[in-house]
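Accompanying notes for the structure given below.
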Amino acid sequence: KSWHSKALILGTGGASKAVAFVMEELGIEYRFVSRNPSKGQLGYDELNDKAVEIFPFIINCTPLGMAPHIGTAPDIPYAHLGSQNLLYDLVYNPERTLFLEKGREKGALTINGHHMLIGQAEASWRIWNGGSAEPSISHHS
């Protein structure tokens, strides 16, 4: 089963809605995960081995793990993660969050929010400068 097909979006704030829009554009089925789930959403207590198998692409849209609270991470069943999972964290500071570290320990592919931050900066530049010149933002990691 490919991690490209189904995703869990952790959190239900503004960032998660933007991620959901992208998932729809890419044709990726998704479910929101919330501390207080509404109809059609999952609660963290519902996440088990089957959930991370059915929805192998997991995107953290919560502030959990962001500096200075680097010891926090979303409450997902990390023990059941493996090489079939892709974890994407919108948090970019620190570069490697506890969410990503715990996924990496289980063999999951992990990506942090650095590229998204660069994309936001470039989009802002175009919006505020009439779409003309682009900034010379370095893509160093």
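Residue numbers start at 1 in each chain; chains themselves are named A, B, ... in the order of the structure tokens; ligands are numbered from 1 in the order shown.
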Subject >> segment 35-38 of chain A surroundings by only C-alpha atoms, 12 Å radius, close-in-sequence under 3 positions cut, as a list in words >> reply: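 Near segment 35-38 of chain A, the qualifying residues are Leu10, Gly11, Thr12, Gly13, Arg31, Phe32, Gln41, Leu42, Gly43, Tyr44, Asp45, Glu46, Leu47, Thr62, Pro74, Asp75 and Ile76 of chain A.
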**OP:** Could you find all residues in chain A that DSSP calls strand (DSSP E or B) from the backbone, and write them as JSON, numbers by chain?
**Re:** {"A": [6, 7, 8, 9, 10, 29, 30, 31, 32, 33, 34, 42, 43, 57, 58, 59, 60, 86, 87, 88, 89, 109, 110, 111]}
Subject >> Among listed residues A:Phe57, A:Gln84, A:Val91, A:Thr97, nearest Ile70 of chain A (using only C-alpha atoms) >> reply: A:Thr97
**OP:** Quick one: pick out all helix (DSSP H, G or I) residues within segment 39-81 of chain A from a backbone DSSP run and write them as a ChimeraX atom specification.
**Re:** /A:44-46,49-54,78-80
Original post:
Contacts of Ala67 of chain A at 8 Å or less, counting only C-alpha atoms, minus same-chain residues fewer than 2 places along, as a ChimeraX atom specification?
Top reply: /A:65,69-70,93-94
**OP:** Identify, on the basis of only C-alpha atoms, every residue whose closest approach to Lys102 of chain A does not exceed 10 Å; exclude the query and any residue fewer than 3 positions from it along the same chain; express the result as a ChimeraX atom specification.
**Re:** /A:73,78-79,81,87,96-99,105-108,110
Selection above as a file: N, CA and C atoms, as a short mmCIF file (atom, residue, chain, number, x, y, z; two decimals), in the first residue's frame:
data_model
loop_
_atom_site.label_atom_id
_atom_site.label_comp_id
_atom_site.auth_asym_id
_atom_site.auth_seq_id
_atom_site.Cartn_x
_atom_site.Cartn_y
_atom_site.Cartn_z
N ALA A 73 4.79 16.06 21.51
CA ALA A 73 4.51 15.45 20.20
C ALA A 73 3.05 15.00 20.18
N TYR A 78 2.94 5.60 17.88
CA TYR A 78 4.27 5.51 17.26
C TYR A 78 4.78 4.08 17.17
N ALA A 79 4.42 3.24 18.14
CA ALA A 79 4.90 1.85 18.17
C ALA A 79 4.49 1.08 16.91
N LEU A 81 4.20 2.44 13.83
CA LEU A 81 4.72 3.03 12.61
C LEU A 81 5.82 2.17 12.02
N LEU A 87 5.81 10.72 7.60
CA LEU A 87 5.43 11.74 8.57
C LEU A 87 5.92 13.09 8.08
N ARG A 96 14.26 18.92 13.59
CA ARG A 96 13.80 17.55 13.78
C ARG A 96 13.00 17.50 15.08
N THR A 97 11.67 17.49 14.95
CA THR A 97 10.80 17.47 16.12
C THR A 97 10.74 16.06 16.72
N LEU A 98 10.19 15.99 17.93
CA LEU A 98 10.01 14.69 18.59
C LEU A 98 9.09 13.80 17.73
N PHE A 99 8.06 14.39 17.11
CA PHE A 99 7.15 13.67 16.21
C PHE A 99 7.95 12.98 15.10
N GLU A 105 12.68 6.64 14.22
CA GLU A 105 13.11 5.46 15.02
C GLU A 105 12.40 4.19 14.56
N LYS A 106 11.19 4.33 14.04
CA LYS A 106 10.42 3.17 13.57
C LYS A 106 10.59 2.92 12.07
N GLY A 107 11.45 3.69 11.41
CA GLY A 107 11.71 3.47 9.99
C GLY A 107 10.85 4.28 9.05
N ALA A 108 10.03 5.19 9.57
CA ALA A 108 9.17 6.01 8.71
C ALA A 108 10.00 7.06 7.99
N THR A 110 10.52 10.81 6.96
CA THR A 110 10.10 12.03 7.65
C THR A 110 10.52 13.28 6.88
#
Original post:
In terms of the shortest atom-to-atom distance over only C-alpha atoms, which of A:Lys6, A:Arg126, A:Cys61, A:Leu100 is closest to Glu24 of chain A?
Top reply: A:Lys6
**OP:** For Ile54 of chain A, work out the shell of residues within 12 Å, counting only C-alpha atoms and skipping chain neighbours fewer than 3 positions away, then give it as a list in words.
**Re:** Lys1, Ser2, Trp3, His4, Ser5, Lys6, Ala7, Leu8, Glu29, Tyr30, Arg31, Leu47, Asn48, Asp49, Lys50, Ala51, Phe57, Ile58, His80, Leu81, Gln84 and Asn85 of chain A
Subject >> Residues near Gly113 of chain A, cut-off 7 Å, only C-alpha atoms, skip fewer than 6 positions along chain, as a ChimeraX atom specification >> reply: /A:89-92
Subject >> atom CA of Gly14 of chain A to atom CA of Gly82 of chain A, distance in Å rounded to a single decimal >> reply: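 Atom CA of Gly14 of chain A sits 28.7 Å away from atom CA of Gly82 of chain A.
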